[in-house]
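Coordinates as given in data16.cif (mmCIF, C-alpha atoms):
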data_run
#
loop_
_atom_site.group_PDB
_atom_site.id
_atom_site.type_symbol
_atom_site.label_atom_id
_atom_site.label_comp_id
_atom_site.auth_asym_id
_atom_site.auth_seq_id
_atom_site.Cartn_x
_atom_site.Cartn_y
_atom_site.Cartn_z
ATOM 1 C CA PRO W 1053 0.000 0.000 0.000
ATOM 2 C CA PRO W 1054 1.148 3.599 -0.519
ATOM 3 C CA PRO W 1055 2.487 5.576 2.488
ATOM 4 C CA SER W 1056 0.099 7.598 4.644
ATOM 5 C CA ASP W 1057 1.391 10.845 3.113
ATOM 6 C CA PHE W 1058 0.409 9.747 -0.401
ATOM 7 C CA LEU W 1059 -1.100 12.725 -2.275
ATOM 8 C CA ALA W 1060 -0.422 15.224 0.533
ATOM 9 C CA HIS W 1061 -0.029 18.546 -1.275
ATOM 10 C CA SER W 1062 0.381 22.313 -1.115
ATOM 11 C CA PHE W 1063 0.014 25.246 -3.526
ATOM 12 C CA VAL W 1064 1.967 28.518 -3.408
ATOM 13 C CA CYS W 1065 1.799 31.474 -5.814
ATOM 14 C CA ASN W 1066 4.279 34.365 -5.838
ATOM 15 C CA PRO W 1067 3.323 37.412 -7.979
ATOM 16 C CA GLY W 1068 6.863 37.703 -9.321
ATOM 17 C CA ARG W 1069 8.330 40.997 -10.493
ATOM 18 C CA ARG W 1070 5.606 41.893 -12.975
ATOM 19 C CA GLY W 1071 2.592 40.685 -11.001
ATOM 20 C CA THR W 1072 0.119 41.322 -13.831
ATOM 21 C CA LEU W 1073 -1.146 37.774 -14.417
ATOM 22 C CA VAL W 1074 -3.755 35.962 -12.357
ATOM 23 C CA THR W 1075 -3.050 32.393 -11.287
ATOM 24 C CA THR W 1076 -5.470 30.075 -9.525
ATOM 25 C CA ALA W 1077 -5.414 26.360 -8.770
ATOM 26 C CA CYS W 1078 -7.621 23.431 -7.893
ATOM 27 C CA GLN W 1079 -6.517 20.650 -5.564
ATOM 28 C CA GLU W 1080 -8.843 17.822 -4.616
ATOM 29 C CA VAL W 1081 -8.188 14.353 -3.212
ATOM 30 C CA HIS W 1082 -10.789 11.614 -2.709
ATOM 31 C CA ARG W 1083 -9.559 8.948 -0.304
ATOM 32 C CA ASP W 1084 -10.742 5.349 -0.031
ATOM 33 C CA PRO W 1085 -10.028 4.108 3.534
ATOM 34 C CA SER W 1086 -10.602 0.483 2.525
ATOM 35 C CA SER W 1087 -8.171 0.647 -0.409
ATOM 36 C CA PRO W 1088 -5.541 3.418 -0.344
ATOM 37 C CA ASP W 1089 -4.409 2.426 -3.833
ATOM 38 C CA ASP W 1090 -7.775 3.702 -5.117
ATOM 39 C CA ASP W 1091 -7.221 7.248 -3.827
ATOM 40 C CA LEU W 1092 -8.024 9.856 -6.485
ATOM 41 C CA GLY W 1093 -6.120 13.096 -6.936
ATOM 42 C CA LEU W 1094 -6.733 16.092 -9.177
ATOM 43 C CA PHE W 1095 -4.360 19.074 -9.310
ATOM 44 C CA ALA W 1096 -4.296 21.944 -11.787
ATOM 45 C CA VAL W 1097 -2.786 25.407 -12.246
ATOM 46 C CA PHE W 1098 -4.648 27.919 -14.446
ATOM 47 C CA THR W 1099 -3.171 31.258 -15.478
ATOM 48 C CA GLY W 1100 -5.346 34.025 -16.957
ATOM 49 C CA HIS W 1101 -3.700 36.253 -19.561
ATOM 50 C CA GLN W 1102 -6.481 38.792 -20.162
ATOM 51 C CA GLY W 1103 -8.164 39.002 -16.806
ATOM 52 C CA ASP W 1104 -9.047 36.204 -14.424
ATOM 53 C CA LEU W 1105 -12.525 35.125 -15.516
ATOM 54 C CA ALA W 1106 -11.562 32.054 -17.553
ATOM 55 C CA ALA W 1107 -8.903 30.911 -15.085
ATOM 56 C CA ARG W 1108 -11.226 31.098 -12.082
ATOM 57 C CA TYR W 1109 -14.048 29.375 -13.962
ATOM 58 C CA CYS W 1110 -11.761 26.478 -14.898
ATOM 59 C CA ALA W 1111 -10.391 26.060 -11.376
ATOM 60 C CA SER W 1112 -13.872 25.930 -9.859
ATOM 61 C CA LYS W 1113 -15.484 23.667 -12.479
ATOM 62 C CA LEU W 1114 -12.793 21.087 -13.266
ATOM 63 C CA PRO W 1115 -13.186 19.044 -10.031
ATOM 64 C CA LYS W 1116 -16.958 18.892 -10.503
ATOM 65 C CA LYS W 1117 -16.625 17.661 -14.078
ATOM 66 C CA TYR W 1118 -13.818 15.201 -13.382
ATOM 67 C CA PHE W 1119 -15.336 13.605 -10.294
ATOM 68 C CA GLY W 1120 -18.775 13.279 -11.864
ATOM 69 C CA LYS W 1121 -20.574 15.948 -9.821
ATOM 70 C CA GLU W 1122 -22.204 17.436 -12.901
ATOM 71 C CA ASP W 1123 -24.583 15.796 -15.366
ATOM 72 C CA ASP W 1124 -22.581 16.843 -18.420
ATOM 73 C CA ASN W 1125 -19.805 14.349 -17.605
ATOM 74 C CA ARG W 1126 -21.523 11.061 -16.818
ATOM 75 C CA SER W 1127 -18.491 9.037 -17.900
ATOM 76 C CA SER W 1128 -16.149 10.597 -15.331
ATOM 77 C CA VAL W 1129 -13.202 8.742 -13.889
ATOM 78 C CA ALA W 1130 -15.025 8.375 -10.567
ATOM 79 C CA SER W 1131 -17.648 6.203 -12.260
ATOM 80 C CA THR W 1132 -15.132 4.038 -14.124
ATOM 81 C CA THR W 1133 -14.682 0.571 -12.617
ATOM 82 C CA ALA W 1134 -11.175 -0.508 -11.676
ATOM 83 C CA SER W 1135 -11.376 -3.570 -13.920
ATOM 84 C CA SER W 1136 -12.037 -1.445 -17.013
ATOM 85 C CA LEU W 1137 -9.475 1.254 -16.197
ATOM 86 C CA THR W 1138 -6.638 1.535 -18.707
ATOM 87 C CA SER W 1139 -4.395 4.450 -19.630
ATOM 88 C CA ARG W 1140 -6.467 4.901 -22.787
ATOM 89 C CA ALA W 1141 -9.751 4.975 -20.867
ATOM 90 C CA VAL W 1142 -8.460 7.511 -18.364
ATOM 91 C CA ASN W 1143 -7.062 9.712 -21.136
ATOM 92 C CA TYR W 1144 -10.469 9.720 -22.778
ATOM 93 C CA ASP W 1145 -12.162 10.823 -19.564
ATOM 94 C CA LEU W 1146 -9.706 13.656 -18.972
ATOM 95 C CA ARG W 1147 -10.069 14.784 -22.573
ATOM 96 C CA THR W 1148 -13.862 14.807 -22.164
ATOM 97 C CA CYS W 1149 -13.551 16.975 -19.057
ATOM 98 C CA LEU W 1150 -11.263 19.470 -20.763
ATOM 99 C CA LYS W 1151 -13.564 19.782 -23.773
ATOM 100 C CA ALA W 1152 -16.529 20.458 -21.496
ATOM 101 C CA LEU W 1153 -14.410 22.942 -19.548
ATOM 102 C CA SER W 1154 -13.438 24.712 -22.767
ATOM 103 C CA HIS W 1155 -17.053 25.066 -23.942
ATOM 104 C CA GLY W 1156 -18.198 26.300 -20.532
ATOM 105 C CA ALA W 1157 -15.409 28.874 -20.266
ATOM 106 C CA ASP W 1158 -16.175 30.129 -23.780
ATOM 107 C CA ARG W 1159 -19.826 30.595 -22.886
ATOM 108 C CA VAL W 1160 -19.172 32.390 -19.610
ATOM 109 C CA CYS W 1161 -16.568 34.720 -21.114
ATOM 110 C CA PHE W 1162 -18.835 35.591 -24.054
ATOM 111 C CA GLU W 1163 -21.707 36.397 -21.697
ATOM 112 C CA ARG W 1164 -19.466 38.752 -19.729
ATOM 113 C CA ALA W 1165 -18.120 40.931 -22.539
ATOM 114 C CA LYS W 1166 -15.271 38.542 -23.424
ATOM 115 C CA GLU W 1167 -13.270 39.313 -20.291
ATOM 116 C CA GLY W 1168 -10.511 36.943 -19.318
ATOM 117 C CA THR W 1169 -10.734 34.891 -22.485
ATOM 118 C CA GLN W 1170 -7.145 33.644 -22.431
ATOM 119 C CA VAL W 1171 -5.989 30.901 -20.092
ATOM 120 C CA SER W 1172 -3.155 28.394 -19.934
ATOM 121 C CA ALA W 1173 -3.543 25.176 -17.979
ATOM 122 C CA THR W 1174 -1.402 22.450 -16.453
ATOM 123 C CA VAL W 1175 -3.513 19.548 -15.166
ATOM 124 C CA VAL W 1176 -2.610 16.358 -13.284
ATOM 125 C CA ALA W 1177 -4.942 13.479 -12.431
ATOM 126 C CA ILE W 1178 -3.907 10.416 -10.386
ATOM 127 C CA ARG W 1179 -5.888 7.195 -10.214
ATOM 128 C CA ASP W 1180 -4.854 3.583 -9.579
ATOM 129 C CA ARG W 1181 -1.173 4.574 -9.695
ATOM 130 C CA PHE W 1182 -1.583 6.138 -13.154
ATOM 131 C CA LEU W 1183 -0.461 9.730 -13.681
ATOM 132 C CA LEU W 1184 -2.399 11.640 -16.349
ATOM 133 C CA THR W 1185 -1.271 15.097 -17.419
ATOM 134 C CA ALA W 1186 -2.576 17.780 -19.777
ATOM 135 C CA SER W 1187 -0.879 21.039 -20.715
ATOM 136 C CA SER W 1188 -2.073 23.877 -22.945
ATOM 137 C CA GLY W 1189 0.549 26.500 -22.161
ATOM 138 C CA LEU W 1190 4.087 26.941 -20.899
ATOM 139 C CA GLY W 1191 3.534 25.055 -17.652
ATOM 140 C CA SER W 1192 5.111 21.686 -16.958
ATOM 141 C CA VAL W 1193 4.887 18.659 -14.655
ATOM 142 C CA VAL W 1194 8.075 17.157 -13.253
ATOM 143 C CA LEU W 1195 8.118 13.747 -11.573
ATOM 144 C CA ALA W 1196 10.856 12.961 -9.052
ATOM 145 C CA ARG W 1197 11.541 9.276 -9.450
ATOM 146 C CA GLU W 1198 13.776 7.072 -7.277
ATOM 147 C CA LYS W 1199 16.691 8.924 -5.644
ATOM 148 C CA GLY W 1200 15.576 12.248 -7.109
ATOM 149 C CA ALA W 1201 15.826 11.448 -10.808
ATOM 150 C CA ALA W 1202 13.918 14.312 -12.496
ATOM 151 C CA VAL W 1203 11.587 13.452 -15.377
ATOM 152 C CA ALA W 1204 9.600 16.124 -17.245
ATOM 153 C CA ILE W 1205 6.236 14.423 -17.865
ATOM 154 C CA ALA W 1206 4.246 17.299 -19.360
ATOM 155 C CA LYS W 1207 6.544 19.632 -21.248
ATOM 156 C CA PRO W 1208 5.839 23.294 -22.083
ATOM 157 C CA ALA W 1209 4.332 23.935 -25.498
ATOM 158 C CA GLU W 1210 6.633 25.260 -28.192
ATOM 159 C CA SER W 1211 6.102 28.931 -28.943
ATOM 160 C CA GLY W 1212 4.655 28.132 -32.371
ATOM 161 C CA ASN W 1213 2.094 25.753 -30.863
ATOM 162 C CA LEU W 1214 1.160 27.871 -27.855
ATOM 163 C CA GLN W 1215 -2.603 28.197 -27.390
ATOM 164 C CA ARG W 1216 -3.888 30.411 -24.610
ATOM 165 C CA SER W 1217 -7.482 30.731 -25.758
ATOM 166 C CA THR W 1218 -10.099 28.693 -23.926
ATOM 167 C CA ALA W 1219 -10.344 26.553 -27.081
ATOM 168 C CA GLY W 1220 -6.762 25.445 -26.397
ATOM 169 C CA LEU W 1221 -7.984 23.439 -23.385
ATOM 170 C CA ALA W 1222 -9.787 21.024 -25.688
ATOM 171 C CA GLU W 1223 -6.569 20.497 -27.674
ATOM 172 C CA ALA W 1224 -4.235 20.126 -24.681
ATOM 173 C CA LYS W 1225 -1.561 17.479 -25.079
ATOM 174 C CA LEU W 1226 -2.225 14.461 -22.825
ATOM 175 C CA THR W 1227 0.260 11.965 -21.398
ATOM 176 C CA SER W 1228 -0.139 8.805 -19.327
ATOM 177 C CA THR W 1229 2.545 7.450 -16.986
ATOM 178 C CA LYS W 1230 2.499 4.477 -14.624
ATOM 179 C CA LEU W 1231 3.657 5.513 -11.163
ATOM 180 C CA LEU W 1232 6.247 3.303 -9.492
ATOM 181 C CA PRO W 1233 6.447 2.560 -5.733
ATOM 182 C CA ALA W 1234 9.751 4.459 -5.446
ATOM 183 C CA ASP W 1235 8.465 7.651 -7.121
ATOM 184 C CA GLU W 1236 8.889 10.485 -4.609
ATOM 185 C CA PHE W 1237 6.831 13.572 -5.537
ATOM 186 C CA LEU W 1238 5.368 15.732 -8.296
ATOM 187 C CA LEU W 1239 5.960 19.387 -9.124
ATOM 188 C CA VAL W 1240 3.144 21.058 -11.092
ATOM 189 C CA GLY W 1241 4.373 24.492 -12.101
ATOM 190 C CA ASP W 1242 3.499 27.386 -14.377
ATOM 191 C CA GLU W 1243 5.596 29.396 -16.818
ATOM 192 C CA GLY W 1244 7.071 31.564 -14.072
ATOM 193 C CA LEU W 1245 8.587 28.620 -12.208
ATOM 194 C CA TRP W 1246 10.087 26.815 -15.191
ATOM 195 C CA SER W 1247 11.438 29.977 -16.807
ATOM 196 C CA ALA W 1248 13.865 30.245 -13.895
ATOM 197 C CA LEU W 1249 14.449 26.636 -12.782
ATOM 198 C CA GLY W 1250 15.256 23.495 -14.708
ATOM 199 C CA PRO W 1251 13.738 20.136 -13.680
ATOM 200 C CA GLU W 1252 16.959 18.913 -12.045
ATOM 201 C CA ASP W 1253 17.413 22.160 -10.096
ATOM 202 C CA ALA W 1254 13.803 22.113 -8.907
ATOM 203 C CA VAL W 1255 13.949 18.491 -7.743
ATOM 204 C CA ARG W 1256 17.240 19.065 -5.931
ATOM 205 C CA ILE W 1257 15.821 22.088 -4.079
ATOM 206 C CA ALA W 1258 12.599 20.223 -3.303
ATOM 207 C CA ARG W 1259 14.396 17.176 -1.868
ATOM 208 C CA ALA W 1260 16.572 19.387 0.339
ATOM 209 C CA ALA W 1261 13.488 21.255 1.592
ATOM 210 C CA LEU W 1262 11.652 17.985 2.291
ATOM 211 C CA LYS W 1263 14.546 16.701 4.365
ATOM 212 C CA ALA W 1264 14.905 19.993 6.249
ATOM 213 C CA SER W 1265 11.174 20.251 6.996
ATOM 214 C CA GLY W 1266 10.532 16.592 7.744
ATOM 215 C CA GLY W 1267 8.280 16.193 4.711
ATOM 216 C CA ASP W 1268 6.206 19.397 4.645
ATOM 217 C CA PRO W 1269 4.946 20.137 1.088
ATOM 218 C CA LYS W 1270 4.182 23.771 1.985
ATOM 219 C CA SER W 1271 7.822 24.336 2.886
ATOM 220 C CA VAL W 1272 8.881 22.837 -0.440
ATOM 221 C CA ALA W 1273 6.503 25.082 -2.421
ATOM 222 C CA ASP W 1274 7.785 28.156 -0.553
ATOM 223 C CA LYS W 1275 11.423 27.286 -1.297
ATOM 224 C CA LEU W 1276 10.750 26.659 -4.979
ATOM 225 C CA THR W 1277 8.906 29.938 -5.590
ATOM 226 C CA TYR W 1278 11.605 31.787 -3.637
ATOM 227 C CA ALA W 1279 14.367 30.167 -5.706
ATOM 228 C CA ALA W 1280 12.614 31.018 -8.975
ATOM 229 C CA TYR W 1281 12.238 34.655 -7.874
ATOM 230 C CA VAL W 1282 15.910 34.889 -6.962
ATOM 231 C CA ASN W 1283 16.826 33.419 -10.342
ATOM 232 C CA GLY W 1284 14.982 36.169 -12.177
ATOM 233 C CA ALA W 1285 11.414 34.949 -12.800
ATOM 234 C CA VAL W 1286 9.282 37.845 -14.059
ATOM 235 C CA ASP W 1287 5.706 36.556 -14.233
ATOM 236 C CA ASN W 1288 3.664 34.757 -11.586
ATOM 237 C CA ILE W 1289 5.533 31.870 -9.954
ATOM 238 C CA SER W 1290 3.152 29.059 -9.022
ATOM 239 C CA VAL W 1291 3.689 25.452 -8.010
ATOM 240 C CA ILE W 1292 1.729 22.558 -6.531
ATOM 241 C CA VAL W 1293 3.841 20.013 -4.659
ATOM 242 C CA VAL W 1294 2.271 16.543 -4.451
ATOM 243 C CA LEU W 1295 3.895 13.876 -2.284
ATOM 244 C CA LEU W 1296 3.934 10.289 -3.530
ATOM 245 C CA ASN W 1297 6.424 8.504 -1.265
ATOM 246 C CA ILE W 1298 7.870 10.800 1.363
ATOM 247 C CA ASP W 1299 9.499 7.873 3.187
ATOM 248 C CA ALA W 1300 11.866 7.453 0.241
ATOM 249 C CA VAL W 1301 13.163 10.997 0.806
ATOM 250 C CA VAL W 1302 13.172 11.595 4.561
ATOM 251 C CA GLY W 1303 12.770 8.100 6.043
ATOM 252 C CA SER W 1304 9.917 6.408 7.856
ATOM 253 C CA ALA W 1305 7.399 8.238 10.035
ATOM 254 C CA ALA W 1306 9.038 6.797 13.169
ATOM 255 C CA GLY W 1307 12.436 8.023 12.001
ATOM 256 C CA ARG W 1308 11.078 11.512 11.263
ATOM 257 C CA LYS W 1309 9.490 11.696 14.709
ATOM 258 C CA LYS W 1310 12.748 10.694 16.366
ATOM 259 C CA ALA W 1311 14.698 13.290 14.361
ATOM 260 C CA ALA W 1312 12.172 16.003 15.262
ATOM 261 C CA LYS W 1313 12.505 15.206 18.976
ATOM 262 C CA LYS W 1314 16.285 15.299 18.728
ATOM 263 C CA LYS W 1315 16.200 18.670 16.946
ATOM 264 C CA ALA W 1316 13.775 20.081 19.526
ATOM 265 C CA ALA W 1317 16.030 18.915 22.363
ATOM 266 C CA TYR W 1318 19.061 20.686 20.953
ATOM 267 C CA THR W 1319 17.022 23.799 20.200
ATOM 268 C CA ASN W 1320 15.961 23.918 23.859
ATOM 269 C CA VAL W 1321 19.566 23.477 24.971
ATOM 270 C CA HIS W 1322 20.685 26.335 22.720
ATOM 271 C CA ASN W 1323 17.898 28.668 23.873
ATOM 272 C CA SER W 1324 18.393 27.926 27.567
ATOM 273 C CA GLY W 1325 22.191 28.119 27.529
ATOM 274 C CA ALA W 1326 22.470 24.795 29.369
ATOM 275 C CA ALA W 1327 25.292 22.380 28.681
ATOM 276 C CA ALA W 1328 24.801 20.125 25.694
ATOM 277 C CA PRO W 1329 24.854 16.334 26.074
ATOM 278 C CA ARG W 1330 28.364 14.953 26.263
ATOM 279 C CA GLY W 1331 30.048 14.717 22.885
ATOM 280 C CA LYS W 1332 27.520 16.976 21.175
ATOM 281 C CA ALA W 1333 27.643 20.652 20.268
ATOM 282 C CA ALA W 1334 25.157 22.880 22.041
ATOM 283 C CA HIS W 1335 25.191 25.634 19.448
ATOM 284 C CA MET W 1336 22.503 25.546 16.762
ATOM 285 C CA PRO W 1337 23.595 27.464 13.654
ATOM 286 C CA SER W 1338 21.444 30.508 13.058
ATOM 287 C CA SER W 1339 20.184 31.875 9.769
ATOM 288 C CA PRO W 1340 22.635 34.147 7.917
ATOM 289 C CA PRO W 1341 22.205 37.844 8.753
ATOM 290 C CA ARG W 1342 20.390 40.041 6.275
ATOM 291 C CA GLU W 1343 22.650 42.353 4.329
ATOM 292 C CA LYS W 1344 22.534 45.998 5.281
ATOM 293 C CA GLY W 1345 19.931 47.833 3.272
ATOM 294 C CA ALA W 1346 18.471 44.635 1.905
ATOM 295 C CA GLY W 1347 14.909 45.595 2.739
ATOM 296 C CA GLY W 1348 12.252 43.087 1.713
ATOM 297 C CA ASP W 1349 13.738 42.107 -1.667
ATOM 298 C CA PRO W 1350 14.772 38.440 -1.449
ATOM 299 C CA ARG W 1351 17.402 39.017 -4.136
ATOM 300 C CA HIS W 1352 19.582 40.801 -1.556
ATOM 301 C CA HIS W 1353 19.823 37.911 0.878
ATOM 302 C CA ALA W 1354 19.784 34.749 -1.210
ATOM 303 C CA ARG W 1355 21.960 32.024 0.234
ATOM 304 C CA GLY W 1356 23.033 28.484 -0.466
ATOM 305 C CA LEU W 1357 20.737 26.553 -2.747
ATOM 306 C CA PHE W 1358 18.958 29.627 -3.977
ATOM 307 C CA SER W 1359 22.017 31.539 -5.127
ATOM 308 C CA MET W 1360 22.620 29.096 -7.981
ATOM 309 C CA LYS W 1361 21.754 30.126 -11.505
ATOM 310 C CA HIS W 1362 19.838 28.026 -13.947
ATOM 311 C CA SER W 1363 22.306 26.228 -16.220
ATOM 312 C CA ALA W 1364 20.481 27.426 -19.338
ATOM 313 C CA ALA W 1365 20.653 31.088 -18.287
#
Conversion result in structure tokens:
Amino acid sequence: PPPSDFLAHSFVCNPGRRGTLVTTACQEVHRDPSSPDDDLGLFAVFTGHQGDLAARYCASKLPKKYFGKEDDNRSSVASTTASSLTSRAVNYDLRTCLKALSHGADRVCFERAKEGTQVSATVVAIRDRFLLTASSGLGSVVLAREKGAAVAIAKPAESGNLQRSTAGLAEAKLTSTKLLPADEFLLVGDEGLWSALGPEDAVRIARAALKASGGDPKSVADKLTYAAYVNGAVDNISVIVVLLNIDAVVGSAAGRKKAAKKKAAYTNVHNSGAAAPRGKAAHMPSSPPREKGAGGDPRHHARGLFSMKHSAA
């Protein structure tokens, strides 16, 4: 069975330097207590390029269409039996959802004076250890496989094939990948994230943040958006971090609990000024000081992992 943290997730959006785009996301997990392998996950990042109407419509409606909560998608994945589930069948269901989403967004935008009629989407669906992705813009999905091997599952569209209209949702490129037990996590990011970080850089930063935080996806998302900002991202920087097998990165739950207790003990020793246990150092290293005049701009106090530059820069 998958670990208890399977499909734990977090979304973070940083406005970047320009801050003119509108990014929204949907994150929904349906758990089956009797069979954890049947847990369903749906994660998507939508970016509006002429207002936010289309992006917000898509984020609110996609879960309802995919999980069969609306009559216009009777053949949703939620109603598909496990015995009939194949990568082809799941692809068909996701394609059906995106077509319905495209038609609905077109209708809503037309009724409201064509506001927010451009949107790019990066969508991930997980069912029965299959990973389905769809991308209609410059977003991408990166899978961290065993020992942090980075694999770009959904790649950004080439500039000549870029479609940001709502009609582009219906033509989004779909992929299907079988998840392996040793796969560690997913990174679902928009154009802002991947313009500043390569897949290998992002996975390396994410693994370090997971180890430092004891497996907190929110901490990972914060570190990734921060790193992209430091590396020069201009537009919105958005990412959803989805855990698949956290034990493979930071050890078992029992081991994480033991490490947390040990860290807390040494933190207490440092704060109280008491003597450390024999053979151990009492001092806990502090964060590096902010540079004089740095203000609130994170570019002035980047350190360590986040001072690296993307190899393609």
Could the residues of segment 1225-1303 of chain W that have an atom at most 7 Å from segment 1177-1184 of chain W be listed as a Markdown table, each with its closest atom pair and the distance in Å to one decimal, counting all atoms listed in the file and ordered by chain and ascending residue number?
| residue | atom | partner | partner_atom | distance |
| --- | --- | --- | --- | --- |
| W:Thr1227 | CA | W:Leu1184 | CA | 5.7 |
| W:Ser1228 | CA | W:Leu1184 | CA | 4.7 |
| W:Thr1229 | CA | W:Leu1183 | CA | 5.0 |
| W:Lys1230 | CA | W:Phe1182 | CA | 4.6 |
| W:Leu1231 | CA | W:Arg1181 | CA | 5.1 |
*Between W:Leu1221, W:Leu1195, W:Ile1298, W:Leu1226, which one has atoms that come closest to Ala1254 of chain W, using only C-alpha atoms?*
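For Ala1254 of chain W, the nearest of the given residues is W:Leu1195.
If you measure from each of W:Arg1197, W:Arg1069, W:His1101, W:Lys1270 to Leu1232 of chain W using only C-alpha atoms, the closest one turns out to be W:Arg1197.
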*If we count only C-alpha atoms, what is near Ala1106 of chain W at a cut-off of 12 Å, once residues fewer than 3 positions away on the same chain are taken out, given as a PyMOL selection string?*
chain W and resi 1074-1076+1098-1103+1109-1114+1153-1164+1166-1173+1216-1219+1221
Can you list every residue of segment 1192-1311 of chain W that has an atom at most 12 Å from segment 1062-1068 of chain W, with its nearest atom pair and the distance in Å to one decimal, using all atoms listed in the file, ordered by chain then number, as a tab-separated table?
residue	atom	partner	partner_atom	distance
W:Phe1237	CA	W:Ser1062	CA	11.7
W:Leu1238	CA	W:Ser1062	CA	10.9
W:Leu1239	CA	W:Phe1063	CA	10.1
W:Val1240	CA	W:Phe1063	CA	9.2
W:Gly1241	CA	W:Phe1063	CA	9.6
W:Asp1242	CA	W:Cys1065	CA	9.6
W:Glu1243	CA	W:Gly1068	CA	11.3
W:Gly1244	CA	W:Gly1068	CA	7.8
W:Leu1245	CA	W:Asn1066	CA	9.6
W:Ser1247	CA	W:Gly1068	CA	11.7
W:Ala1248	CA	W:Gly1068	CA	11.2
W:Gly1267	CA	W:Ser1062	CA	11.6
W:Asp1268	CA	W:Ser1062	CA	8.7
W:Pro1269	CA	W:Ser1062	CA	5.5
W:Lys1270	CA	W:Ser1062	CA	5.1
W:Ser1271	CA	W:Ser1062	CA	8.7
W:Val1272	CA	W:Ser1062	CA	8.5
W:Ala1273	CA	W:Val1064	CA	5.8
W:Asp1274	CA	W:Val1064	CA	6.5
W:Lys1275	CA	W:Val1064	CA	9.8
W:Leu1276	CA	W:Val1064	CA	9.1
W:Thr1277	CA	W:Asn1066	CA	6.4
W:Tyr1278	CA	W:Asn1066	CA	8.1
W:Ala1279	CA	W:Asn1066	CA	10.9
W:Ala1280	CA	W:Gly1068	CA	8.8
W:Tyr1281	CA	W:Gly1068	CA	6.3
W:Val1282	CA	W:Gly1068	CA	9.8
W:Asn1283	CA	W:Gly1068	CA	10.9
W:Gly1284	CA	W:Gly1068	CA	8.7
W:Ala1285	CA	W:Gly1068	CA	6.4
W:Val1286	CA	W:Gly1068	CA	5.3
W:Asp1287	CA	W:Gly1068	CA	5.2
W:Asn1288	CA	W:Pro1067	CA	4.5
W:Ile1289	CA	W:Asn1066	CA	5.0
W:Ser1290	CA	W:Cys1065	CA	4.2
W:Val1291	CA	W:Val1064	CA	5.8
W:Ile1292	CA	W:Phe1063	CA	4.4
W:Val1293	CA	W:Ser1062	CA	5.5
W:Val1294	CA	W:Ser1062	CA	6.9
W:Leu1295	CA	W:Ser1062	CA	9.2
Please dump the current selection as an mmCIF file, in the coordinates of the input; keep C-alpha atoms.
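Saved file result-v5.cif follows:
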data_model
loop_
_atom_site.group_PDB
_atom_site.id
_atom_site.type_symbol
_atom_site.label_atom_id
_atom_site.label_comp_id
_atom_site.auth_asym_id
_atom_site.auth_seq_id
_atom_site.Cartn_x
_atom_site.Cartn_y
_atom_site.Cartn_z
ATOM 1 C CA PHE W 1237 6.831 13.572 -5.537
ATOM 2 C CA LEU W 1238 5.368 15.732 -8.296
ATOM 3 C CA LEU W 1239 5.960 19.387 -9.124
ATOM 4 C CA VAL W 1240 3.144 21.058 -11.092
ATOM 5 C CA GLY W 1241 4.373 24.492 -12.101
ATOM 6 C CA ASP W 1242 3.499 27.386 -14.377
ATOM 7 C CA GLU W 1243 5.596 29.396 -16.818
ATOM 8 C CA GLY W 1244 7.071 31.564 -14.072
ATOM 9 C CA LEU W 1245 8.587 28.620 -12.208
ATOM 10 C CA SER W 1247 11.438 29.977 -16.807
ATOM 11 C CA ALA W 1248 13.865 30.245 -13.895
ATOM 12 C CA GLY W 1267 8.280 16.193 4.711
ATOM 13 C CA ASP W 1268 6.206 19.397 4.645
ATOM 14 C CA PRO W 1269 4.946 20.137 1.088
ATOM 15 C CA LYS W 1270 4.182 23.771 1.985
ATOM 16 C CA SER W 1271 7.822 24.336 2.886
ATOM 17 C CA VAL W 1272 8.881 22.837 -0.440
ATOM 18 C CA ALA W 1273 6.503 25.082 -2.421
ATOM 19 C CA ASP W 1274 7.785 28.156 -0.553
ATOM 20 C CA LYS W 1275 11.423 27.286 -1.297
ATOM 21 C CA LEU W 1276 10.750 26.659 -4.979
ATOM 22 C CA THR W 1277 8.906 29.938 -5.590
ATOM 23 C CA TYR W 1278 11.605 31.787 -3.637
ATOM 24 C CA ALA W 1279 14.367 30.167 -5.706
ATOM 25 C CA ALA W 1280 12.614 31.018 -8.975
ATOM 26 C CA TYR W 1281 12.238 34.655 -7.874
ATOM 27 C CA VAL W 1282 15.910 34.889 -6.962
ATOM 28 C CA ASN W 1283 16.826 33.419 -10.342
ATOM 29 C CA GLY W 1284 14.982 36.169 -12.177
ATOM 30 C CA ALA W 1285 11.414 34.949 -12.800
ATOM 31 C CA VAL W 1286 9.282 37.845 -14.059
ATOM 32 C CA ASP W 1287 5.706 36.556 -14.233
ATOM 33 C CA ASN W 1288 3.664 34.757 -11.586
ATOM 34 C CA ILE W 1289 5.533 31.870 -9.954
ATOM 35 C CA SER W 1290 3.152 29.059 -9.022
ATOM 36 C CA VAL W 1291 3.689 25.452 -8.010
ATOM 37 C CA ILE W 1292 1.729 22.558 -6.531
ATOM 38 C CA VAL W 1293 3.841 20.013 -4.659
ATOM 39 C CA VAL W 1294 2.271 16.543 -4.451
ATOM 40 C CA LEU W 1295 3.895 13.876 -2.284
#
*Minimum-distance residue to Asn1297 of chain W, chosen among W:Lys1117, W:Arg1083, W:Lys1225, W:Lys1199 (using all atoms listed in the file)*: W:Lys1199
*From the list W:Ala1300, W:Ala1224, W:Leu1059, W:Val1203, which residue is nearest Asp1253 of chain W when using only C-alpha atoms?*
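Among W:Ala1300, W:Ala1224, W:Leu1059, W:Val1203, it is W:Val1203 that comes nearest to Asp1253 of chain W.
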*Of the candidates W:Ala1317, W:Val1175, W:Ser1086, W:Ala1234, which one gets nearest to Ile1205 of chain W if we count all atoms listed in the file?*
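The answer is W:Val1175, which sits nearest to Ile1205 of chain W.
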*Take atom CA of Ile1257 of chain W and atom CA of Ala1206 of chain W and report the distance between them in Å, one decimal.*
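Atom-to-atom, atom CA of Ile1257 of chain W and atom CA of Ala1206 of chain W are spaced 19.8 Å apart.
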